[in-house]
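To start, the structure under review is shown below, and the notes come after it.
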Amino acid sequence: MSAGRPTLFISDLHLDGERPDITAQFLQFLDHEARQAAGLYILGDLFEAWIGDDDPAPDKQRVIAALKSLTGGGVPVYFIHGNRDFLIGRRFARETGVKLLPDGTMIELYGKRVLLMHGDTLCIDDPDYQRLRRIVRNPLVQFVLRCLSLGQRQKLAAKMRAGSKKHIESMDRTQPQIMDVNQGAVCRTFEQEHADVIVHGHTHRPAIHDVDVGGHVAKRIVLGDWYEQGSVLRWNEQGFELAGLGR
């Protein structure tokens with residue numbers, strides 16, 4: 001890792017053709033700050049919806065080209081699937097130069113064991129969501145989805161987005177705590193993985209939490225979404241900061 005160059009972490013950009021301002025901000029981020037980074041980790045939900053690596057949408061193609069330019073310039077980029085872009089596959093990786101990582105990847109960073117997650121597996125108080133997650137992450141289901149025509153996948157994605165929006169709005173009104181992580185699941189994950197730090201997104205609640213794990217204080221860093229402004233975790237030898245990127 002290059003001395004002085006920070007490692008960057010982002011998630012939950014939800015890039016979509018209907019929000020060109022977010023895509024523009026991300027492209028600028030890739031072309032400026034990310035160029036000076038030791039590495040970039042994208043922890044899921046880069047896109048609002050990803051219906052397959054064959055999607056010809058111009059906004060997605062611009063993102064692919066920008067990522068390829070970044071990796072081609074020598075900055076390693078890593079990606080963990082989110083609940084919106086779980087169909088990102090090998091073609092995307094090949095065209096961008098991005099390395100796909102499994103959810104729950106452990107890295108060593110400045111002497112710390114850092115566990116990288118999208119974060120949705122920690123939200124176990126929402127059983128309906130967890131049930132859907134198990135279905136769509138099944139390799140057989142994903143194979144069937146990829147066999148559908150582009151038009152069929154577009155219609156299915158629209159239905160799933162509408163259903164997700166309705167579910168989130170309902171939970172926000174009646175049981176907002178269900179949309180956040182379960183503290184027991186967080187502690188168990190720290191203990192099982194022997195992690196010093198967990199970095200994740202998904203909940204759209206950016207914060208740095210102290211977690212008591214058997215008398216040892218660990219850190220849980222939650223990345224913010226990019227709906228109103230960008231959010232980035234910068235980490236170098238001096239430490240880390242979770243910052244917003246004004247739009």
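Each chain in the structure tokens gets a letter, A, B and so on, in the order shown; residues start at 1 in every chain, and ligands are counted from 1 in the order they appear.
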Exercise. Could you please write out, as a PyMOL selection string, every residue of range 29-243 of chain A that DSSP assigns to alpha helix (DSSP H)?
Key: chain A and resi 29-31+58-72+90-96+127-136+139-147+150-174+183-193
Quiz prompt | Nearby residues (only C-alpha atoms) at most 7 Å from Gly104 in chain A, same-chain spacing under 2 positions excluded, as a ChimeraX atom specification | solution = /A:102,106,115-117
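Residues of range 3-189 of chain A carrying a DSSP assignment of strand (DSSP E or B), computed from the backbone, are Thr7, Leu8, Phe9, Ile10, Leu15, Gly39, Leu40, Tyr41, Ile42, Phe47, Val77, Tyr78, Phe79, Ile80, Lys99, Leu100, Leu101, Thr105, Met106, Ile107, Glu108, Leu109, Lys112, Arg113, Val114, Leu115 and Leu116 of chain A.
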Write out as JSON lines the residues of range 21-65 of chain A that have any atom within 12 Å of an atom of range 131-145 of chain A, one row each with the nearest atom pair and its distance in Å to one decimal, counting only C-alpha atoms, sorted by chain and then rising number.
```
{"residue": "A:Trp50", "atom": "CA", "partner": "A:Leu145", "partner_atom": "CA", "distance": 11.5}
{"residue": "A:Ile51", "atom": "CA", "partner": "A:Leu145", "partner_atom": "CA", "distance": 8.5}
{"residue": "A:Gly52", "atom": "CA", "partner": "A:Leu145", "partner_atom": "CA", "distance": 8.7}
{"residue": "A:Asp53", "atom": "CA", "partner": "A:Leu145", "partner_atom": "CA", "distance": 12.0}
```
Exercise. Can you work out the spacing between CA of Arg84 in chain A and CA of Thr71 in chain A in Å, to one decimal?
Key: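 CA of Arg84 in chain A sits 23.1 Å away from CA of Thr71 in chain A.
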Quiz item: Near Val199 in chain A, within 12 Å and counting only C-alpha atoms, which residues show up once chain neighbours fewer than 5 positions away are dropped, as a ChimeraX atom specification?
Solution: /A:8-11,41-44,80,103-107,109,112-119,122,186,189-190,206-209,218-224,232-235,240,242
Quiz item: What gap, in Å, lies between CA of Lys165 in chain A and CA of Thr23 in chain A?
Solution: 20.8 Å
Exercise. Write out as a PyMOL selection string each polymer residue whose atoms come within 12 Å of Arg94 in chain A, counting only C-alpha atoms; drop sequence neighbours fewer than 6 positions from it.
Key: chain A and resi 53+64-65+67-68+71-72+88+100
With all heavy atoms retained, export the selected residues as a compact mmCIF listing (two decimals), in the first residue's frame.
```txt
# COMPACT_ATOMS: atom_id res chain seq x y z
N ASP A 53 -25.29 -8.00 -16.74
CA ASP A 53 -24.10 -7.35 -17.31
C ASP A 53 -24.30 -6.94 -18.77
O ASP A 53 -23.46 -6.25 -19.34
CB ASP A 53 -22.90 -8.31 -17.21
CG ASP A 53 -22.43 -8.50 -15.78
OD1 ASP A 53 -23.01 -7.89 -14.86
OD2 ASP A 53 -21.47 -9.26 -15.57
N ILE A 64 -19.11 2.14 -16.18
CA ILE A 64 -18.18 1.06 -16.52
C ILE A 64 -16.90 1.62 -17.10
O ILE A 64 -15.78 1.22 -16.71
CB ILE A 64 -18.85 0.07 -17.50
CG1 ILE A 64 -19.92 -0.75 -16.77
CG2 ILE A 64 -17.82 -0.86 -18.14
CD1 ILE A 64 -20.77 -1.61 -17.69
N ALA A 65 -17.02 2.57 -18.02
CA ALA A 65 -15.84 3.17 -18.65
C ALA A 65 -14.99 3.92 -17.62
O ALA A 65 -13.74 3.86 -17.66
CB ALA A 65 -16.26 4.11 -19.76
N LEU A 67 -14.78 3.35 -14.35
CA LEU A 67 -14.12 2.39 -13.48
C LEU A 67 -12.93 1.74 -14.19
O LEU A 67 -11.87 1.53 -13.60
CB LEU A 67 -15.11 1.32 -13.02
CG LEU A 67 -16.14 1.76 -11.98
CD1 LEU A 67 -17.22 0.70 -11.81
CD2 LEU A 67 -15.46 2.06 -10.63
N LYS A 68 -13.10 1.44 -15.47
CA LYS A 68 -12.01 0.87 -16.25
C LYS A 68 -10.84 1.84 -16.33
O LYS A 68 -9.67 1.43 -16.24
CB LYS A 68 -12.50 0.51 -17.65
CG LYS A 68 -11.43 -0.10 -18.54
CD LYS A 68 -10.88 -1.40 -17.94
CE LYS A 68 -9.88 -2.06 -18.86
NZ LYS A 68 -9.29 -3.28 -18.26
N THR A 71 -9.06 1.71 -12.80
CA THR A 71 -8.25 0.51 -12.59
C THR A 71 -7.10 0.45 -13.58
O THR A 71 -6.00 0.00 -13.24
CB THR A 71 -9.10 -0.76 -12.69
OG1 THR A 71 -9.71 -0.84 -13.99
CG2 THR A 71 -10.19 -0.79 -11.63
N GLY A 72 -7.34 0.93 -14.80
CA GLY A 72 -6.27 0.97 -15.79
C GLY A 72 -5.15 1.92 -15.41
O GLY A 72 -4.00 1.75 -15.84
N ILE A 88 -24.56 -8.38 -10.61
CA ILE A 88 -23.27 -8.00 -11.21
C ILE A 88 -22.39 -9.24 -11.27
O ILE A 88 -22.23 -9.96 -10.28
CB ILE A 88 -22.60 -6.87 -10.40
CG1 ILE A 88 -23.26 -5.53 -10.73
CG2 ILE A 88 -21.10 -6.81 -10.67
CD1 ILE A 88 -22.69 -4.35 -9.98
N LEU A 100 -14.34 -8.69 -7.79
CA LEU A 100 -15.52 -9.00 -6.99
C LEU A 100 -15.11 -9.76 -5.73
O LEU A 100 -14.36 -10.74 -5.81
CB LEU A 100 -16.50 -9.84 -7.81
CG LEU A 100 -16.96 -9.25 -9.16
CD1 LEU A 100 -17.97 -10.18 -9.82
CD2 LEU A 100 -17.52 -7.85 -8.98
```
Quiz prompt | CA of Lys99 in chain A to CA of Phe79 in chain A, straight-line distance in Å | solution = 6.2 Å
